[in-house]
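Source file: entry-v3.cif; contents: mmCIF, C-alpha atoms.
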data_upload
loop_
_atom_site.label_atom_id
_atom_site.label_comp_id
_atom_site.auth_asym_id
_atom_site.auth_seq_id
_atom_site.Cartn_x
_atom_site.Cartn_y
_atom_site.Cartn_z
CA MET A 18 -41.28 33.17 42.57
CA ARG A 19 -40.19 30.58 40.02
CA HIS A 20 -42.65 28.08 41.44
CA LYS A 21 -45.42 30.65 41.47
CA ILE A 22 -44.88 31.40 37.80
CA ALA A 23 -44.87 27.71 36.91
CA PHE A 24 -48.05 27.31 38.91
CA VAL A 25 -49.66 30.12 36.92
CA VAL A 26 -48.30 29.23 33.50
CA ALA A 27 -49.05 25.52 33.46
CA PRO A 28 -52.82 25.92 34.06
CA ALA A 29 -52.81 28.79 31.57
CA LEU A 30 -51.29 26.54 28.91
CA LEU A 31 -53.81 23.83 29.67
CA ALA A 32 -56.68 26.33 29.60
CA ALA A 33 -55.43 27.63 26.28
CA ALA A 34 -55.22 24.12 24.87
CA VAL A 35 -58.76 23.28 26.01
CA LEU A 36 -60.09 26.64 24.86
CA LEU A 37 -58.54 26.20 21.45
CA GLY A 38 -59.96 22.73 21.05
CA THR A 39 -56.57 21.12 20.85
CA GLY A 40 -56.42 19.58 24.29
CA PRO A 41 -55.91 15.94 25.17
CA SER A 42 -55.89 13.73 22.10
CA GLN A 43 -59.15 12.05 23.09
CA SER A 44 -61.16 15.28 23.17
CA ASP A 45 -62.66 14.47 19.76
CA GLY A 46 -63.45 10.86 20.69
CA PRO A 47 -66.89 9.25 20.88
CA GLN A 48 -69.44 10.38 23.47
CA PHE A 49 -72.28 8.13 24.61
CA ASN A 50 -75.51 8.72 26.50
CA ALA A 51 -76.82 6.54 29.36
CA LYS A 52 -78.54 4.23 26.86
CA GLY A 53 -75.24 3.55 25.11
CA GLU A 54 -76.22 5.56 22.07
CA LEU A 55 -73.53 7.51 20.24
CA LEU A 56 -73.97 11.28 20.37
CA PHE A 57 -73.94 12.83 16.91
CA PRO A 58 -70.64 14.69 16.32
CA ALA A 59 -72.07 17.91 14.89
CA ASN A 60 -68.70 19.16 13.64
CA TYR A 61 -67.73 16.04 11.68
CA ARG A 62 -67.35 18.06 8.48
CA GLU A 63 -64.32 19.64 10.18
CA TRP A 64 -62.74 16.24 10.77
CA VAL A 65 -60.14 14.85 8.37
CA PHE A 66 -61.51 13.63 5.03
CA LEU A 67 -60.17 10.20 4.06
CA SER A 68 -61.76 9.60 0.66
CA SER A 69 -64.99 9.35 -1.26
CA GLY A 70 -66.47 6.82 -3.64
CA LEU A 71 -69.35 6.81 -6.08
CA GLY A 72 -71.76 3.92 -6.40
CA MET A 73 -69.49 1.53 -4.53
CA ASN A 74 -71.46 -1.65 -4.00
CA TYR A 75 -70.27 -2.39 -0.49
CA GLY A 76 -71.50 0.80 1.18
CA PRO A 77 -74.27 0.45 3.77
CA LEU A 78 -76.64 2.74 1.91
CA ALA A 79 -75.44 2.34 -1.66
CA ALA A 80 -78.19 2.63 -4.23
CA LYS A 81 -78.59 -0.38 -6.49
CA GLY A 82 -79.22 1.36 -9.79
CA GLU A 83 -76.31 2.84 -11.69
CA GLU A 84 -78.50 5.69 -12.85
CA THR A 85 -78.64 7.20 -9.40
CA PRO A 86 -75.34 6.25 -7.78
CA ARG A 87 -74.58 7.68 -4.37
CA PHE A 88 -71.43 9.26 -3.08
CA ASP A 89 -69.92 8.22 0.23
CA ASN A 90 -67.53 10.54 2.08
CA VAL A 91 -65.43 9.14 4.91
CA PHE A 92 -64.15 11.34 7.74
CA VAL A 93 -62.05 10.50 10.80
CA THR A 94 -61.39 12.31 14.07
CA PRO A 95 -58.28 14.53 13.83
CA SER A 96 -56.52 12.93 16.79
CA ALA A 97 -56.94 9.43 15.34
CA TYR A 98 -55.69 10.65 11.95
CA LYS A 99 -52.54 12.15 13.48
CA SER A 100 -51.91 8.95 15.37
CA PHE A 101 -52.34 6.88 12.18
CA LEU A 102 -49.81 9.04 10.33
CA GLU A 103 -47.27 8.29 13.07
CA THR A 104 -47.96 4.60 13.61
CA GLY A 105 -50.08 3.21 10.75
CA ARG A 106 -52.57 2.01 13.39
CA TRP A 107 -55.81 3.29 14.88
CA PRO A 108 -55.69 4.27 18.58
CA ASP A 109 -58.45 3.52 21.06
CA LYS A 110 -61.39 6.00 20.71
CA THR A 111 -60.95 6.27 16.94
CA MET A 112 -64.18 7.27 15.23
CA LEU A 113 -64.84 7.12 11.50
CA LEU A 114 -67.98 8.48 9.92
CA ILE A 115 -69.42 7.72 6.51
CA GLU A 116 -71.71 10.32 4.98
CA VAL A 117 -73.84 9.20 2.04
CA ARG A 118 -75.13 11.73 -0.49
CA SER A 119 -77.16 11.55 -3.66
CA SER A 120 -75.51 12.58 -6.91
CA GLU A 121 -76.49 14.85 -9.76
CA SER A 122 -75.12 15.13 -13.27
CA LYS A 123 -76.51 18.22 -14.88
CA GLY A 124 -76.52 21.54 -13.11
CA SER A 125 -74.83 24.91 -13.51
CA ILE A 126 -71.92 24.49 -15.93
CA ASN A 127 -71.63 20.75 -15.41
CA LYS A 128 -72.79 18.55 -18.26
CA ALA A 129 -71.35 15.14 -17.43
CA GLY A 130 -70.04 13.08 -14.58
CA HIS A 131 -71.44 13.45 -11.08
CA TYR A 132 -71.35 15.92 -8.22
CA GLN A 133 -72.71 15.66 -4.70
CA SER A 134 -76.16 16.68 -3.58
CA ASP A 135 -78.57 15.89 -0.72
CA LEU A 136 -77.65 14.00 2.41
CA ALA A 137 -78.99 10.43 2.39
CA GLY A 138 -77.58 8.98 5.60
CA ILE A 139 -74.77 8.85 8.13
CA GLU A 140 -73.15 5.88 9.87
CA ALA A 141 -70.22 5.64 12.26
CA GLU A 142 -67.58 3.10 13.19
CA VAL A 143 -66.09 3.45 16.66
CA LYS A 144 -63.14 1.79 18.37
CA ASP A 145 -63.58 1.50 22.11
CA GLU A 146 -61.64 -1.41 23.54
CA SER A 147 -63.24 -1.37 26.97
CA ARG A 148 -66.83 -0.86 25.76
CA PHE A 149 -67.14 -3.32 22.86
CA PRO A 150 -66.17 -7.02 23.05
CA GLY A 151 -64.88 -6.88 19.47
CA LYS A 152 -63.19 -3.51 20.11
CA TRP A 153 -65.13 -1.92 17.23
CA ALA A 154 -68.85 -1.17 16.82
CA PHE A 155 -71.11 0.39 14.19
CA PHE A 156 -73.79 3.01 14.71
CA SER A 157 -76.48 4.44 12.46
CA PHE A 158 -77.70 8.04 12.48
CA GLY A 159 -80.42 7.14 9.98
CA ASP A 160 -80.91 9.84 7.38
CA GLY A 161 -78.32 11.99 9.16
CA THR A 162 -80.71 14.11 11.22
CA SER A 163 -80.81 11.95 14.35
CA PRO A 164 -79.03 13.46 17.39
CA THR A 165 -78.04 9.99 18.59
CA GLY A 166 -76.93 6.86 16.80
CA LYS A 167 -78.14 3.39 17.66
CA GLN A 168 -75.61 0.61 17.77
CA ARG A 169 -76.03 -1.99 15.05
CA PRO A 170 -76.38 -5.55 16.40
CA ALA A 171 -73.09 -7.46 16.37
CA THR A 172 -74.72 -10.07 14.13
CA GLU A 173 -74.96 -7.67 11.20
CA ALA A 174 -72.74 -8.15 8.18
CA CYS A 175 -70.77 -4.95 8.68
CA TYR A 176 -68.94 -6.51 11.67
CA SER A 177 -67.77 -9.65 9.90
CA CYS A 178 -67.03 -7.88 6.62
CA HIS A 179 -64.86 -5.20 8.22
CA ALA A 180 -63.07 -7.77 10.38
CA GLU A 181 -62.37 -10.02 7.41
CA HIS A 182 -61.65 -7.54 4.63
CA GLY A 183 -60.45 -4.32 6.30
CA ALA A 184 -56.84 -3.73 5.28
CA VAL A 185 -55.89 -2.23 8.65
CA ASP A 186 -57.61 -3.11 11.91
CA ASN A 187 -61.26 -3.36 10.82
CA THR A 188 -61.09 -0.41 8.42
CA PHE A 189 -60.97 -0.22 4.62
CA VAL A 190 -57.67 1.60 4.34
CA GLN A 191 -57.33 0.02 0.88
CA PHE A 192 -59.86 2.65 -0.25
CA TYR A 193 -58.12 5.62 1.43
CA PRO A 194 -55.14 6.36 -0.82
CA THR A 195 -53.23 8.71 1.49
CA LEU A 196 -53.48 6.29 4.43
CA LEU A 197 -52.72 3.25 2.27
CA SER A 198 -49.22 4.56 1.59
CA VAL A 199 -48.72 5.20 5.32
CA ALA A 200 -49.80 1.67 6.23
CA LYS A 201 -47.48 0.23 3.58
CA ALA A 202 -44.56 2.27 4.93
CA LYS A 203 -45.29 1.29 8.53
CA GLY A 204 -45.89 -2.36 7.68
CA THR A 205 -49.37 -2.45 9.21
CA LEU A 206 -51.33 -3.69 6.18
CA LYS A 207 -53.08 -6.99 6.74
CA MET B 18 -47.83 40.91 41.30
CA ARG B 19 -51.01 41.00 39.25
CA HIS B 20 -49.18 42.76 36.43
CA LYS B 21 -46.35 40.32 36.62
CA ILE B 22 -48.70 37.38 36.26
CA ALA B 23 -50.48 38.98 33.30
CA PHE B 24 -47.09 39.62 31.75
CA VAL B 25 -46.21 35.95 32.14
CA VAL B 26 -49.57 34.46 31.22
CA ALA B 27 -50.30 36.46 28.06
CA PRO B 28 -47.12 35.41 26.24
CA ALA B 29 -47.68 31.87 27.48
CA LEU B 30 -51.15 31.81 25.96
CA LEU B 31 -49.79 33.20 22.70
CA ALA B 32 -46.96 30.69 22.70
CA ALA B 33 -49.44 27.90 23.33
CA ALA B 34 -51.66 29.10 20.48
CA VAL B 35 -48.73 29.24 18.07
CA LEU B 36 -47.35 25.95 19.30
CA LEU B 37 -50.71 24.28 18.82
CA GLY B 38 -51.14 25.69 15.34
CA THR B 39 -54.28 27.58 16.22
CA GLY B 40 -52.93 31.07 16.21
CA PRO B 41 -54.26 34.06 14.29
CA SER B 42 -56.96 33.18 11.78
CA GLN B 43 -54.71 33.93 8.81
CA SER B 44 -52.02 31.46 9.88
CA ASP B 45 -53.30 28.96 7.30
CA GLY B 46 -53.39 31.53 4.52
CA PRO B 47 -51.31 31.49 1.31
CA GLN B 48 -47.53 31.87 1.45
CA PHE B 49 -45.53 33.09 -1.54
CA ASN B 50 -41.85 33.06 -2.45
CA ALA B 51 -39.92 36.00 -3.92
CA LYS B 52 -40.92 34.94 -7.44
CA GLY B 53 -44.61 35.15 -6.54
CA GLU B 54 -45.03 31.40 -6.59
CA LEU B 55 -47.43 29.82 -4.11
CA LEU B 56 -45.77 27.55 -1.56
CA PHE B 57 -47.33 24.10 -1.47
CA PRO B 58 -49.46 23.67 1.67
CA ALA B 59 -48.18 20.26 2.74
CA ASN B 60 -50.98 19.72 5.28
CA TYR B 61 -53.90 20.45 2.93
CA ARG B 62 -55.40 17.02 3.66
CA GLU B 63 -56.08 18.35 7.16
CA TRP B 64 -58.01 21.31 5.77
CA VAL B 65 -61.80 21.22 5.54
CA PHE B 66 -63.21 19.03 2.76
CA LEU B 67 -65.91 20.77 0.74
CA SER B 68 -66.98 18.07 -1.72
CA SER B 69 -65.87 15.71 -4.43
CA GLY B 70 -67.05 14.94 -7.93
CA LEU B 71 -66.41 12.18 -10.42
CA GLY B 72 -65.81 12.83 -14.11
CA MET B 73 -67.16 16.36 -13.92
CA ASN B 74 -66.47 17.96 -17.28
CA TYR B 75 -65.49 21.38 -16.01
CA GLY B 76 -62.51 20.32 -13.88
CA PRO B 77 -59.08 21.53 -14.97
CA LEU B 78 -57.72 18.01 -15.29
CA ALA B 79 -60.87 16.03 -16.00
CA ALA B 80 -60.30 13.06 -18.24
CA LYS B 81 -62.37 12.99 -21.40
CA GLY B 82 -63.28 9.31 -21.49
CA GLU B 83 -66.05 8.04 -19.27
CA GLU B 84 -64.18 4.76 -18.84
CA THR B 85 -61.51 6.39 -16.74
CA PRO B 86 -63.25 9.25 -14.95
CA ARG B 87 -61.29 11.19 -12.38
CA PHE B 88 -62.29 12.27 -8.91
CA ASP B 89 -61.77 15.83 -7.75
CA ASN B 90 -61.62 16.63 -4.03
CA VAL B 91 -61.93 20.24 -2.92
CA PHE B 92 -60.43 21.48 0.36
CA VAL B 93 -60.41 24.94 1.95
CA THR B 94 -58.34 26.50 4.72
CA PRO B 95 -60.01 26.06 8.13
CA SER B 96 -60.06 29.78 8.94
CA ALA B 97 -61.80 30.63 5.65
CA TYR B 98 -64.32 27.81 6.23
CA LYS B 99 -65.21 29.12 9.68
CA SER B 100 -65.61 32.62 8.31
CA PHE B 101 -67.89 31.33 5.52
CA LEU B 102 -70.12 29.54 8.03
CA GLU B 103 -70.59 32.84 9.85
CA THR B 104 -71.00 35.18 6.89
CA GLY B 105 -71.63 33.19 3.70
CA ARG B 106 -68.63 34.98 2.17
CA TRP B 107 -64.94 34.27 1.65
CA PRO B 108 -62.50 36.44 3.61
CA ASP B 109 -59.27 37.81 2.20
CA LYS B 110 -56.50 35.11 2.16
CA THR B 111 -58.98 32.32 1.44
CA MET B 112 -57.31 29.38 -0.29
CA LEU B 113 -59.11 26.50 -1.98
CA LEU B 114 -57.30 23.48 -3.34
CA ILE B 115 -58.54 20.92 -5.85
CA GLU B 116 -56.91 17.51 -5.78
CA VAL B 117 -57.50 15.28 -8.80
CA ARG B 118 -57.22 11.49 -8.48
CA SER B 119 -57.68 8.58 -10.83
CA SER B 120 -60.49 6.13 -10.10
CA GLU B 121 -60.70 2.37 -9.90
CA SER B 122 -63.70 0.07 -9.98
CA LYS B 123 -62.62 -3.39 -9.03
CA GLY B 124 -60.44 -4.05 -6.02
CA SER B 125 -60.78 -5.75 -2.66
CA ILE B 126 -64.49 -6.30 -2.00
CA ASN B 127 -65.65 -3.62 -4.43
CA LYS B 128 -67.25 -4.83 -7.65
CA ALA B 129 -68.96 -1.75 -9.05
CA GLY B 130 -68.87 2.01 -8.89
CA HIS B 131 -65.64 3.91 -8.35
CA TYR B 132 -63.19 4.60 -5.57
CA GLN B 133 -60.18 6.90 -5.47
CA SER B 134 -56.65 5.99 -6.41
CA ASP B 135 -53.44 7.73 -7.53
CA LEU B 136 -52.89 11.46 -7.40
CA ALA B 137 -53.13 13.09 -10.85
CA GLY B 138 -52.73 16.79 -10.06
CA ILE B 139 -53.31 19.67 -7.68
CA GLU B 140 -54.43 23.23 -8.37
CA ALA B 141 -55.22 26.12 -6.03
CA GLU B 142 -57.44 29.19 -6.05
CA VAL B 143 -56.33 32.04 -3.80
CA LYS B 144 -58.02 35.26 -2.73
CA ASP B 145 -55.58 38.06 -2.02
CA GLU B 146 -57.12 41.45 -2.58
CA SER B 147 -53.89 43.42 -2.41
CA ARG B 148 -51.85 41.03 -4.55
CA PHE B 149 -54.16 40.24 -7.47
CA PRO B 150 -55.98 42.87 -9.58
CA GLY B 151 -59.01 40.57 -9.83
CA LYS B 152 -58.73 39.64 -6.12
CA TRP B 153 -58.49 35.92 -7.01
CA ALA B 154 -55.79 33.94 -8.82
CA PHE B 155 -55.18 30.34 -9.84
CA PHE B 156 -52.04 28.28 -9.35
CA SER B 157 -50.95 24.88 -10.59
CA PHE B 158 -48.84 22.38 -8.66
CA GLY B 159 -48.66 20.16 -11.75
CA ASP B 160 -48.93 16.49 -10.85
CA GLY B 161 -49.04 17.40 -7.16
CA THR B 162 -45.37 16.89 -6.37
CA SER B 163 -44.15 20.42 -7.05
CA PRO B 164 -43.13 22.38 -3.91
CA THR B 165 -44.30 25.62 -5.50
CA GLY B 166 -47.24 26.51 -7.71
CA LYS B 167 -46.98 28.77 -10.73
CA GLN B 168 -49.71 31.34 -11.24
CA ARG B 169 -51.89 30.70 -14.26
CA PRO B 170 -52.02 33.66 -16.67
CA ALA B 171 -55.07 35.86 -16.13
CA THR B 172 -56.08 35.19 -19.75
CA GLU B 173 -56.85 31.53 -19.03
CA ALA B 174 -60.44 30.34 -19.00
CA CYS B 175 -60.50 29.50 -15.30
CA TYR B 176 -60.57 33.22 -14.42
CA SER B 177 -63.54 34.16 -16.61
CA CYS B 178 -65.44 30.93 -15.89
CA HIS B 179 -65.17 31.28 -12.11
CA ALA B 180 -66.05 34.98 -12.26
CA GLU B 181 -69.08 34.34 -14.46
CA HIS B 182 -70.44 31.07 -13.06
CA GLY B 183 -69.22 30.83 -9.45
CA ALA B 184 -72.27 30.94 -7.18
CA VAL B 185 -70.46 32.86 -4.44
CA ASP B 186 -67.55 35.22 -5.09
CA ASN B 187 -65.64 33.34 -7.81
CA THR B 188 -66.19 29.89 -6.27
CA PHE B 189 -68.48 27.02 -7.25
CA VAL B 190 -70.45 26.85 -4.03
CA GLN B 191 -73.29 25.34 -6.09
CA PHE B 192 -71.24 22.11 -6.02
CA TYR B 193 -70.52 22.19 -2.25
CA PRO B 194 -73.79 21.10 -0.63
CA THR B 195 -73.02 22.07 2.97
CA LEU B 196 -71.89 25.56 1.95
CA LEU B 197 -74.75 26.01 -0.51
CA SER B 198 -77.27 25.91 2.32
CA VAL B 199 -75.19 28.45 4.28
CA ALA B 200 -75.04 30.83 1.31
CA LYS B 201 -78.79 30.49 0.79
CA ALA B 202 -79.43 31.26 4.46
CA LYS B 203 -77.07 34.25 4.44
CA GLY B 204 -78.38 35.57 1.11
CA THR B 205 -74.96 35.58 -0.54
CA LEU B 206 -75.75 33.43 -3.58
CA LYS B 207 -75.26 35.20 -6.89
#
Go ahead and render the structure in this file as C-alpha cells.
Amino acid sequence: MRHKIAFVVAPALLAAAVLLGTGPSQSDGPQFNAKGELLFPANYREWVFLSSGLGMNYGPLAAKGEETPRFDNVFVTPSAYKSFLETGRWPDKTMLLIEVRSSESKGSINKAGHYQSDLAGIEAEVKDESRFPGKWAFFSFGDGTSPTGKQRPATEACYSCHAEHGAVDNTFVQFYPTLLSVAKAKGTLK
Amino acid sequence: MRHKIAFVVAPALLAAAVLLGTGPSQSDGPQFNAKGELLFPANYREWVFLSSGLGMNYGPLAAKGEETPRFDNVFVTPSAYKSFLETGRWPDKTMLLIEVRSSESKGSINKAGHYQSDLAGIEAEVKDESRFPGKWAFFSFGDGTSPTGKQRPATEACYSCHAEHGAVDNTFVQFYPTLLSVAKAKGTLK
C-alpha cells in the first residue's frame, strides 16, 4: 500500500507543478523553431523586471534626440533570476528581454519628467551553451509584433560590447541595481 | 481504493500548490500586524512590473530638480494582475507598490540619458474593502528599509488625487501602457 500511495502521489505532485507553471526550472527557457528562430515569449511582462533606463545611449533602439528619449525595460526569466540570487551567475537557458518604449511628458496630471508610452521594439539575449559557439546570442523581434525573432549575426557590435563590458557574464548587471548588490556579495563581478 | 487515492492525492496537490507558492489567488495579498501596519512584501521585485517613469512631478518622492530626477517603478501582486487582464478591474486585496530610485547618467559604457541607482523610498497602495472606508489606503515604508508600513492619514493628498484622477478605480492606469489597452478593451476606463 505504501508503494501504491507513493506511486500515486509522486505523479500528482509533478502534475501539479507542471499545471501550476512551476515545474522544472527550464520551463521558462528559450524555445526555437526549425529555422533556429526564437519563439516570442508572449508572457514576458510576467517575468522578473530588472531595471529601466531613459535615453541611454547604448541601447539597440535608443533614439538620438534628447527631446524624444526612449525607455528600455529589461526582464529576465523567473528561473534564471532565482538562480542568480543564489549564485550571482546566469544558468544555461537564461533569457533576457529588452522592451523599448517611447516616452511622453505631458498627459493626465503629469506636467514634467517622462512616462512610458507606445512599444517601439523588443530584443532578446539568450544563453544556450550547446547551441551558440559564444554561449550567448541576440535576437530581434523588430517592432515587438513578430511571433519569431531572428538571430543577429555574430559580427554585430552587441556581441563584442556585451562580452567586453558586461559586468557579469555578458550582461550589464552594472545597470540592474538589485542584481549588482548580489553579484558584489557573491564575488561574481568582472 | 478510489476514495483512498482521492484522499491522498487532493492534500498532496494542495501541499504542492502551497509549497510552490502558487496557492489561492489571495496568497500574495496584503498582510497586516496588530497595529494595522502593512507588512513589507520582501519579494515585491518578483511581482509584475507595470511601468516606470523618470522625474514625474506627481510621484510622492519625486525630486524637484531636473538635474537629479528620480525613477519610479510600479509593481503589482501577480494575482491582481491576472485578474485585471481578465476583467479590466482590480479585485479586493490588490496591492500596488511604488519603488523610487535615484538616477545616474554616466557610468560604464553609458554617456547620456539615465539609468537606475540607489533606492530612495517605497510606498504601497492597498485595496481592502472591509478594512478601509474608502476601499483603498496608502502606506509608506520610508526609505524602503522599514519592515512595516504606516498608513498615511486619509486627509493626505494621495487619497483625493487618486480618487479624482486615477483612470481605473483609484489607480493611474493611464501611465501603465499594457494595462491601459486592457482597460480600453474592457470598457473600464473612467
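Nearest to chain B of all the residues A:Lys203, A:Lys123, A:His131, A:Arg169 is A:His131, based on all atoms listed in the file.
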Translate the PyMOL selection byres ((chain A and resi 114) around 6) into a concrete residue list for this structure, as a compact mmCIF listing (two decimals) with C-alpha atoms, in the frame of the given file.
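Listed below is the output, result15.txt:
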# COMPACT_ATOMS: atom_id res chain seq x y z
CA VAL A 91 -65.43 9.14 4.91
CA PHE A 92 -64.15 11.34 7.74
CA LEU A 113 -64.84 7.12 11.50
CA ILE A 115 -69.42 7.72 6.51
CA GLU A 140 -73.15 5.88 9.87
CA ALA A 141 -70.22 5.64 12.26
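Distances here use all atoms listed in the file; by that measure, the residue among B:Asp109, B:Asp186, B:Glu146, B:Asp135 closest to chain A is B:Asp135.
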d(CA of Lys110 (chain A), CA of Leu67 (chain B)) in Å: 25.2 Å
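Closest approach to Glu63 (chain B) among A:Ser177, A:Gln133, A:Ser96, A:Thr205: A:Ser96, based on only C-alpha atoms.
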Selection: 12 Å around Ser198 (chain B), all atoms listed in the file, excl. self and same-chain fewer than 4 positions, as a PyMOL selection string: (chain A and resi 134-136) or (chain B and resi 101-102+105+184-185+190-194+202-206)
Please produce a file of the residues just selected, as a compact mmCIF listing (two decimals), in the frame of the given file, where the atoms kept are C-alpha atoms.
# COMPACT_ATOMS: atom_id res chain seq x y z
CA SER A 134 -76.16 16.68 -3.58
CA ASP A 135 -78.57 15.89 -0.72
CA LEU A 136 -77.65 14.00 2.41
CA PHE B 101 -67.89 31.33 5.52
CA LEU B 102 -70.12 29.54 8.03
CA GLY B 105 -71.63 33.19 3.70
CA ALA B 184 -72.27 30.94 -7.18
CA VAL B 185 -70.46 32.86 -4.44
CA VAL B 190 -70.45 26.85 -4.03
CA GLN B 191 -73.29 25.34 -6.09
CA PHE B 192 -71.24 22.11 -6.02
CA TYR B 193 -70.52 22.19 -2.25
CA PRO B 194 -73.79 21.10 -0.63
CA ALA B 202 -79.43 31.26 4.46
CA LYS B 203 -77.07 34.25 4.44
CA GLY B 204 -78.38 35.57 1.11
CA THR B 205 -74.96 35.58 -0.54
CA LEU B 206 -75.75 33.43 -3.58
Interatomic distance, CA of His179 (chain B) to CA of Glu116 (chain B) (Å, one decimal): 17.3 Å
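Across A:Phe49, A:Phe156, A:Phe88, A:Trp107, the tightest approach to chain B is made by A:Phe88 when counting only C-alpha atoms.
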Quick one: region 109-124 of chain A with N, CA and C atoms, as an mmCIF file, in the first residue's frame?
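Below is the file decode-v7.cif, written as the result:
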data_model
loop_
_atom_site.group_PDB
_atom_site.id
_atom_site.type_symbol
_atom_site.label_atom_id
_atom_site.label_comp_id
_atom_site.auth_asym_id
_atom_site.auth_seq_id
_atom_site.Cartn_x
_atom_site.Cartn_y
_atom_site.Cartn_z
ATOM 1 N N ASP A 109 22.567 28.162 -17.686
ATOM 2 C CA ASP A 109 22.259 27.875 -19.085
ATOM 3 C C ASP A 109 20.748 28.051 -19.287
ATOM 4 N N LYS A 110 20.351 28.512 -20.481
ATOM 5 C CA LYS A 110 18.935 28.772 -20.843
ATOM 6 C C LYS A 110 18.395 30.081 -20.264
ATOM 7 N N THR A 111 19.284 30.918 -19.734
ATOM 8 C CA THR A 111 18.844 32.245 -19.300
ATOM 9 C C THR A 111 18.363 33.037 -20.516
ATOM 10 N N MET A 112 17.299 33.783 -20.335
ATOM 11 C CA MET A 112 16.822 34.654 -21.411
ATOM 12 C C MET A 112 16.474 36.010 -20.820
ATOM 13 N N LEU A 113 17.086 37.052 -21.383
ATOM 14 C CA LEU A 113 16.758 38.425 -21.015
ATOM 15 C C LEU A 113 16.083 39.088 -22.201
ATOM 16 N N LEU A 114 15.167 39.971 -21.915
ATOM 17 C CA LEU A 114 14.433 40.650 -22.973
ATOM 18 C C LEU A 114 14.434 42.145 -22.694
ATOM 19 N N ILE A 115 14.727 42.925 -23.721
ATOM 20 C CA ILE A 115 14.678 44.375 -23.566
ATOM 21 C C ILE A 115 13.528 44.912 -24.407
ATOM 22 N N GLU A 116 12.658 45.643 -23.726
ATOM 23 C CA GLU A 116 11.468 46.217 -24.358
ATOM 24 C C GLU A 116 11.686 47.729 -24.435
ATOM 25 N N VAL A 117 11.586 48.274 -25.636
ATOM 26 C CA VAL A 117 11.817 49.709 -25.828
ATOM 27 C C VAL A 117 10.480 50.401 -26.062
ATOM 28 N N ARG A 118 10.274 51.493 -25.346
ATOM 29 C CA ARG A 118 9.018 52.250 -25.465
ATOM 30 C C ARG A 118 9.285 53.735 -25.640
ATOM 31 N N SER A 119 8.418 54.395 -26.352
ATOM 32 C CA SER A 119 8.515 55.848 -26.467
ATOM 33 C C SER A 119 8.102 56.474 -25.139
ATOM 34 N N SER A 120 8.451 57.738 -24.975
ATOM 35 C CA SER A 120 8.114 58.435 -23.731
ATOM 36 C C SER A 120 7.212 59.626 -24.023
ATOM 37 N N GLU A 121 6.461 60.004 -23.013
ATOM 38 C CA GLU A 121 5.660 61.229 -23.091
ATOM 39 C C GLU A 121 5.882 62.028 -21.821
ATOM 40 N N SER A 122 5.629 63.329 -21.918
ATOM 41 C CA SER A 122 5.869 64.204 -20.772
ATOM 42 C C SER A 122 4.596 64.801 -20.193
ATOM 43 N N LYS A 123 3.691 65.153 -21.068
ATOM 44 C CA LYS A 123 2.503 65.844 -20.582
ATOM 45 C C LYS A 123 1.256 65.031 -20.899
ATOM 46 N N GLY A 124 0.574 64.631 -19.847
ATOM 47 C CA GLY A 124 -0.642 63.849 -20.010
ATOM 48 C C GLY A 124 -1.243 63.656 -18.643
#
